[in-house]
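Report on one structure; see the data block that follows.
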Amino acid sequence: MEASEKIRVLLVDDETDYLEITAKRLTRRGYDVVTAADCMTGLALIADSRIDVVVLDMMLPDMDGNDCLREIRKDDHSIGVIMLTGHASVHTGLTCLENGANDYCLKPVPLDELVEKIEIVYRDMKYGEKTS
Amino acid sequence: MIVMVWNGYRYVMSGKLKTGLKRIAAVFSISGPQVDADVLEESFRNHYRGFRALLTANNSALDLMAGMERALTRGRPFGMAFVRGQCTALTVNVYKMIHSLQEISDGKYQGLTPALEEISGKIEEILARQPEVPPGEYVVSLSQISKEDADAVGEKMANLGEVHNRAGFEIPAGFAITAAASQYFMHSTGLQDEINRLLKTVDLENLEELYTTSARIQHLISVAPLPDDLERRIMENYRALSSGDGINPLISMRSSATEEDGSGASFAGQYRTQLNISEDSIIETYKEIVASKYGSQAIIYRHQRGFRHQDVIMCVGCMVMVDAVVSGVMFSRSPQDPDSSMVEINAAPGLGRRVVEGITDTDFYQLFREDPTEVSHRGPGKVGSHLTPEKQRELAGIAISLEEHFGVPQDIEWSIVESGKVTILQSRPLAQLSQDDKSPARQEEVRSGDLLVAGGLSASRGTAFGEIFEVRSNVDLLEFPKGAVLVVKHPMPEWASLMNRASAVVSETGHAATHLAIVAREFGVPAIFGLKNAMKHLENGAVVTVDADSCRVYRGRREDVLARSVPPPNLMVGSPIYHILEEIMTLVIPLNLTDPSSPYFKPSQCRSLHDLTRFCHEKAVDKMFTFGKMSGFAAKSAKQLVGESPFQWWVLDLDDGFREGYDVKQKYVSWDDIVCEPMKAIWAGMIRKPWQGPPPVSVKGFGSVLFRSTMNPSLDPAVRASLGNRNFFLISRNFCNLSMRLGYHFTLAEAYLGDMLTENYVSFQFKGGAADRSRRFTRVYLLRDILERYGFRVEVKLDALTARIEKKPREYLIERLKVLGYLLIHTRQIDMAMGDQNMVDRYRRRITGDLDEIVKPNPIEGE
């Protein structure tokens with residue numbers, strides 16, 4: 001796959017070890033990965049470059065994950081957003097989806113599961129853009 | 001809302017389609033709708049995208065539901081993190097389905113969101129429920145306690161109070177520090193929040209991490225200050241125990257957790273008991289015992305038995321030390337035999353602790369319940385050296401009385417003081433083998449060289465196989481591999497944390513009354529105790545077969561011995577977490593919406609998450625099928641299939657199910673035009689064997705058809721034509737959804753065969769039939785048996801059947817689709833012939849014979 005065709009994933013998480021390792025592993029799986037340790041950096045990356053899928057942690061130092069999600073959705077409905085959380089809650093899960101997340105999953109996510117979710121979200125988001 | 005009339009049909013367009021309304025309106029002319037193909041194509045793509053997202057979510061939701069059901073039946077331990085995680089993931093997927101359906105159906109089903117909110121709200125309520133701690137005194141005298149006080153003072157102290165205050169036996173003087181006190185201590189210091197935080201992240205599989213966390217928590221508790229008023233109350237009660245001479249006595253302090261014993265889980269030896277405590281170390285010891293709730297083996301034990309940490313509250317019993325001459329443990333019946341007519345007594349000189357920890361050799365007495373004269377004695381002491389026949393009889397009498405008093409066989413700790421008075425220190429329900437596990441031990445042939453060591457006694461019956469692993473210290477414990485045979489010198493209670501890892505236990509000392517034996521029986525781990533020189537004969541790393549029925553250890557794997565092993569018990573059943581999941585399942589699984597043609601098939605009738613998935617799926621399929629017709633869009637209108645078939649079929653191409661170059665303006669499609677793999681597989685099964693026509697029907701069978709038609713207006717033959725026309729395939733290259741509504745039958749088969757294994761599935765739904773209930777049921781059971789034979793997970797409710805396989809390779813699923821294709825053709829109408837058992841058997845034989853011919857044997861079958 002050419003670099004330009006790679007799915008571009010933005011990981012936003014303040015746990016830097018997790019961020020680094022996940023970025024490395026996703027890169028090895030053929031993704032073009034960029035990272036941000038807080039929301040503002042993440043939002044800036046989204047504004048300045050092409051991002052296909054964002055993997056967004058719920059608990060971030062500068063902003064609540066849900067607020068960050070709403071910010072993303074203000075301008076962009078074509079980016080896939082997967083929310084990550086350490087604590088499962090039915091209510092939070094539903095709130096994320098109501099705010100426009102494509103998926104919601106629990107930490108720790110096995111890499112295979114994360115890859116699968118990225119693929120599905122990307123496929124669903126991009127399908128409408130395909131020309132016949 | 002726009003109402004469009006086209007070809008005599010009325011169509012309503014709103015919501016999502018409204019967003020592109022201007023574009024669509026522009027291409028509608030007064031003379032008739034000449035819809036721009038690009039606009040419709042784009043609209044269809046959006047619909048299809050929503051449809052696919054809905055199918056993915058449906059797949060995940062059904063998979064999650066199956067996982068939750070498996071958790072209830074398999075007996076493997078699961079915690080609240082699992083329950084909460086599954087509920088969250090499931091609700092999220094149902095939400096996605098509703099969202100997708102609303103998108104493709106112009107927001108038509110407004111009732112779905114409130115239905116989901118109601119169900120998920122109830123689920124959250126169950127998840128958030130906390131055990132109630134009865135408010136009240138921090139300290140209560142044992143003389144005021146009975147078994148109803150278990151929530152306030154813990155099971156152990158409540159039972160002990162009962163032994164004295166109601167059953168009338170001697171117990172030591174003392175008091176209990178209550179659950180309210182423990183809660184007061186843990187919450188007033190802010191400890192509980194910190195502990196919860198530490199426990200949330202701990203990985204129970206990582207013993208080293210667990211030990212560190214456990215030690216940290218116990219340390220936090222031991223250094224936290226006890227609230228002054230609580231300390232004062234404890235010390236006042238302690239001083240009240242002093243005899244007239246003003247000397248403050250030594251006391252024993254025993255853990256007495258709520259939920260211990262009473263719930264069927266023994267928690268034997270999991271928490272701390274301290275003896276000979278003097279005045280100045282009471283408070284310190286109290287905190288130590290409260291902290292022992294977070295001992296690593298207790299944390300593992302709770303997880304294995306389905307307890308949340310908050311379900312267990314640590315109370316502490318404080319009792320004047322008994323100056324024991326001889327002590328022991330007795331069972332009102334044999335733990336190994338529920339029907340036993342014997343009382344069993346273990347006795348040793350001094351305090352009883354050495355007996356329950358299995359450190360010391362004990363005298364062992366068995367007495368007939370009917371006539372308690374000693375019948376057997378075994379042990380290092382001489383007969384009668386520790387217990388006179390009178391004392392044996394007295395003890396046996398107490399054991400029988402306590403069993404009668406509590407209504408279940410008892411496991412009793414006792415001491416005898418110098419004066420000869422018997423004092424009861426504990427009485428709890430006896431952990432026994434179930435009736436099913438009680439088959440008599442067979443003596444296997446002993447081949448020369450096979451037998452490594454024999455002897456000792458059976459502490460927990462059964463047979464197992466594994467590698468020897470000797471444990472001498474906590475360091476060895478950390479290294480213990482899963483499935484190994486635990487070999488130890490003494491059966492110490494702390495080895496109980498290995499009962500979820502060990503395949504069997506062999507100990508040089510000990511007996512059936514030790515805490516470790518109780519836990520081994522609970523977990524179904526075979527155990528031989530008191531096997532002298534076991535460590536000398538059993539070499540670390542050697543592979544052995546342990547037969548705890550005949551107390552032998554064989555070299556290597558002995559299949560004849562292992563053939564007797566029984567599956568481990570389901571330890572989760574009846575536990576608090578099990579109950580929570582069970583209650584949640586009543587909001588998840590029951591399928592009330594089984595008939596799409598019923599007037600009750602609507603959002604307001606969705607009472608479970610399963611109902612919601614069923615509704616969304618049905619309506620989405622419907623929506624996709626009618627899209628082309630609604631919009632007059634030829635490319636996405638159903639084409640009639642040309643070719644030999646017993647029925648007429650319409651095929652709708654969702655994406656890439658027709659070959660490239662197929663002219664979409666045609667009204668017909670032929671087999672050569674179709675490139676959908678799952679459809680081809682179903683078709684291959686359909687046409688492989690010629691249909692032999694409807695079965696010969698008895699007058700009664702036909703009569704029942706007529707009767708149903710009369711009784712149920714929706715089955716009036718006059719309306720059959722419209723139902724009969726709805727045989728269709730919705731396809732793409734990897735996906736196929738087949739719907740058949742033939743007369744009284746409704747059948748749906750769906751499959752996705754993609755590159756990601758987790759996305760692959762085949763599902764099948766079947767309902768109805770023309771014959772009476774019993775014939776329809778017989779057919780559904782026949783179908784169930786056949787489908788299960790091919791690896792489907794099948795559920796039957798009345799005459800409705802659903803079957804599913806997922807996460808299997810494409811080749812495997814293709815063969816299953818052939819099975820469905822065959823069944824679709826060859827089992828319709830046979831319900832009418834299901835009144836006659838011979839006929840049922842004949843059909844069963846023919847169907848299985850045909851299918852064995854059609855389906856390729858698959859290497860992964862039976863996985």
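Residues are referred to by chain and number: the chain letter is A, B, ... according to the order shown in the structure tokens, the number counts from 1 in that chain, and ligands are numbered separately from 1 in the order shown.
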Requested in this report: Would you kindly return, as a PyMOL selection string, each protein, DNA or RNA residue with an atom no farther than 9 Å from any atom of range 23-26 of chain A, considering only C-alpha atoms and excluding same-chain residues fewer than 6 positions away?
Outcome: chain A and resi 9-11+32-35+111+115
For those residues, write N, CA, C and O atoms to a file as a PDB file, in the first residue's frame.
```pdb
ATOM      1  N   VAL A   9      -4.478   7.412  11.248  1.00  0.00           N
ATOM      2  CA  VAL A   9      -5.119   7.313  12.557  1.00  0.00           C
ATOM      3  C   VAL A   9      -4.509   8.318  13.526  1.00  0.00           C
ATOM      4  O   VAL A   9      -3.291   8.439  13.614  1.00  0.00           O
ATOM      5  N   LEU A  10      -5.371   9.046  14.241  1.00  0.00           N
ATOM      6  CA  LEU A  10      -4.893   9.946  15.295  1.00  0.00           C
ATOM      7  C   LEU A  10      -5.243   9.344  16.652  1.00  0.00           C
ATOM      8  O   LEU A  10      -6.411   9.055  16.935  1.00  0.00           O
ATOM      9  N   LEU A  11      -4.203   9.124  17.469  1.00  0.00           N
ATOM     10  CA  LEU A  11      -4.433   8.609  18.823  1.00  0.00           C
ATOM     11  C   LEU A  11      -4.347   9.769  19.805  1.00  0.00           C
ATOM     12  O   LEU A  11      -3.350  10.486  19.806  1.00  0.00           O
ATOM     13  N   ASP A  32      -0.918   4.818   9.151  1.00  0.00           N
ATOM     14  CA  ASP A  32      -0.154   6.046   9.263  1.00  0.00           C
ATOM     15  C   ASP A  32      -0.652   6.690  10.567  1.00  0.00           C
ATOM     16  O   ASP A  32      -1.797   7.104  10.645  1.00  0.00           O
ATOM     17  N   VAL A  33       0.204   6.702  11.596  1.00  0.00           N
ATOM     18  CA  VAL A  33      -0.287   7.098  12.918  1.00  0.00           C
ATOM     19  C   VAL A  33       0.288   8.432  13.382  1.00  0.00           C
ATOM     20  O   VAL A  33       1.479   8.670  13.263  1.00  0.00           O
ATOM     21  N   VAL A  34      -0.580   9.308  13.875  1.00  0.00           N
ATOM     22  CA  VAL A  34      -0.116  10.526  14.552  1.00  0.00           C
ATOM     23  C   VAL A  34      -0.688  10.502  15.962  1.00  0.00           C
ATOM     24  O   VAL A  34      -1.737   9.897  16.202  1.00  0.00           O
ATOM     25  N   THR A  35       0.002  11.168  16.896  1.00  0.00           N
ATOM     26  CA  THR A  35      -0.454  11.109  18.286  1.00  0.00           C
ATOM     27  C   THR A  35      -0.578  12.497  18.896  1.00  0.00           C
ATOM     28  O   THR A  35       0.054  13.445  18.448  1.00  0.00           O
ATOM     29  N   LEU A 111      -5.036  -5.327  20.652  1.00  0.00           N
ATOM     30  CA  LEU A 111      -4.707  -4.634  19.403  1.00  0.00           C
ATOM     31  C   LEU A 111      -5.575  -5.119  18.237  1.00  0.00           C
ATOM     32  O   LEU A 111      -6.048  -4.310  17.427  1.00  0.00           O
ATOM     33  N   VAL A 115      -7.749  -2.744  15.822  1.00  0.00           N
ATOM     34  CA  VAL A 115      -7.536  -2.720  14.366  1.00  0.00           C
ATOM     35  C   VAL A 115      -8.861  -2.980  13.646  1.00  0.00           C
ATOM     36  O   VAL A 115      -9.229  -2.281  12.702  1.00  0.00           O
TER      37      VAL A 115
END
```
Query raised in the report: Taking only C-alpha atoms into account, what are the residues of chain A at most 8 Å from chain B, put as a list in words?
Result: Ala88, Ser89, Val90, His91, Gly93, Leu94, Leu97, Asp103, Tyr104, Cys105, Leu106, Glu116, Asp124, Tyr127 and Gly128 of chain A
Give me a file of those residues, with C-alpha atoms, as a PDB file, in the first residue's frame.
```pdb
ATOM      1  CA  ALA A  88     -17.438   0.853  31.465  1.00  0.00           C
ATOM      2  CA  SER A  89     -20.727   2.652  31.878  1.00  0.00           C
ATOM      3  CA  VAL A  90     -23.899   2.139  29.880  1.00  0.00           C
ATOM      4  CA  HIS A  91     -24.783   5.796  30.259  1.00  0.00           C
ATOM      5  CA  GLY A  93     -21.395   4.703  26.191  1.00  0.00           C
ATOM      6  CA  LEU A  94     -24.736   5.995  24.977  1.00  0.00           C
ATOM      7  CA  LEU A  97     -22.715   7.754  20.511  1.00  0.00           C
ATOM      8  CA  ASP A 103     -17.779   3.353  18.443  1.00  0.00           C
ATOM      9  CA  TYR A 104     -16.988   3.104  22.110  1.00  0.00           C
ATOM     10  CA  CYS A 105     -14.670   0.579  23.632  1.00  0.00           C
ATOM     11  CA  LEU A 106     -13.094  -0.393  26.871  1.00  0.00           C
ATOM     12  CA  GLU A 116     -10.862  -4.303  13.545  1.00  0.00           C
ATOM     13  CA  ASP A 124     -18.409   2.693   7.021  1.00  0.00           C
ATOM     14  CA  TYR A 127     -18.312   3.947   1.786  1.00  0.00           C
ATOM     15  CA  GLY A 128     -20.554   6.860   0.910  1.00  0.00           C
TER      16      GLY A 128
END
```
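Once Val109 in chain A and its same-chain neighbours fewer than 4 positions away are set aside, Leu84, Thr85, Gly86, Cys105, Glu113, Leu114 and Val115 of chain A remain within 10 Å of it when counting only C-alpha atoms.
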Generate the output file for the selected residues, C-alpha atoms, as an mmCIF file, in the first residue's frame.
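Just written: again.cif:
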```
data_model
loop_
_atom_site.group_PDB
_atom_site.id
_atom_site.type_symbol
_atom_site.label_atom_id
_atom_site.label_comp_id
_atom_site.auth_asym_id
_atom_site.auth_seq_id
_atom_site.Cartn_x
_atom_site.Cartn_y
_atom_site.Cartn_z
ATOM 1 C CA LEU A 84 -11.806 4.726 24.679
ATOM 2 C CA THR A 85 -12.493 4.453 28.378
ATOM 3 C CA GLY A 86 -11.098 2.658 31.392
ATOM 4 C CA CYS A 105 -14.670 0.579 23.632
ATOM 5 C CA GLU A 113 -9.870 -5.615 18.316
ATOM 6 C CA LEU A 114 -8.729 -2.024 17.912
ATOM 7 C CA VAL A 115 -7.536 -2.720 14.366
#
```
Requested in this report: Find the residues around range 39-55 of chain A up to 9 Å (only C-alpha atoms counted), leave out those fewer than 3 positions away in its own chain, and share them as a PyMOL selection string.
Outcome: chain A and resi 7-13+34-36+60-65+68+71-72+78-84+118+121-122+125-126
**Report entry** Residue among B:Arg233, B:His386, B:Arg393, B:Arg789 lying closest to Gln366 in chain B, counting only C-alpha atoms
**Finding:**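 Selected residue with least distance to Gln366 in chain B: B:Arg393.
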Query raised in the report: Out of range 28-124 of chain A, which residues get helix (DSSP H, G or I) from DSSP, as a PyMOL selection string?
Result: chain A and resi 28+39-48+65-75+90-98+111-124
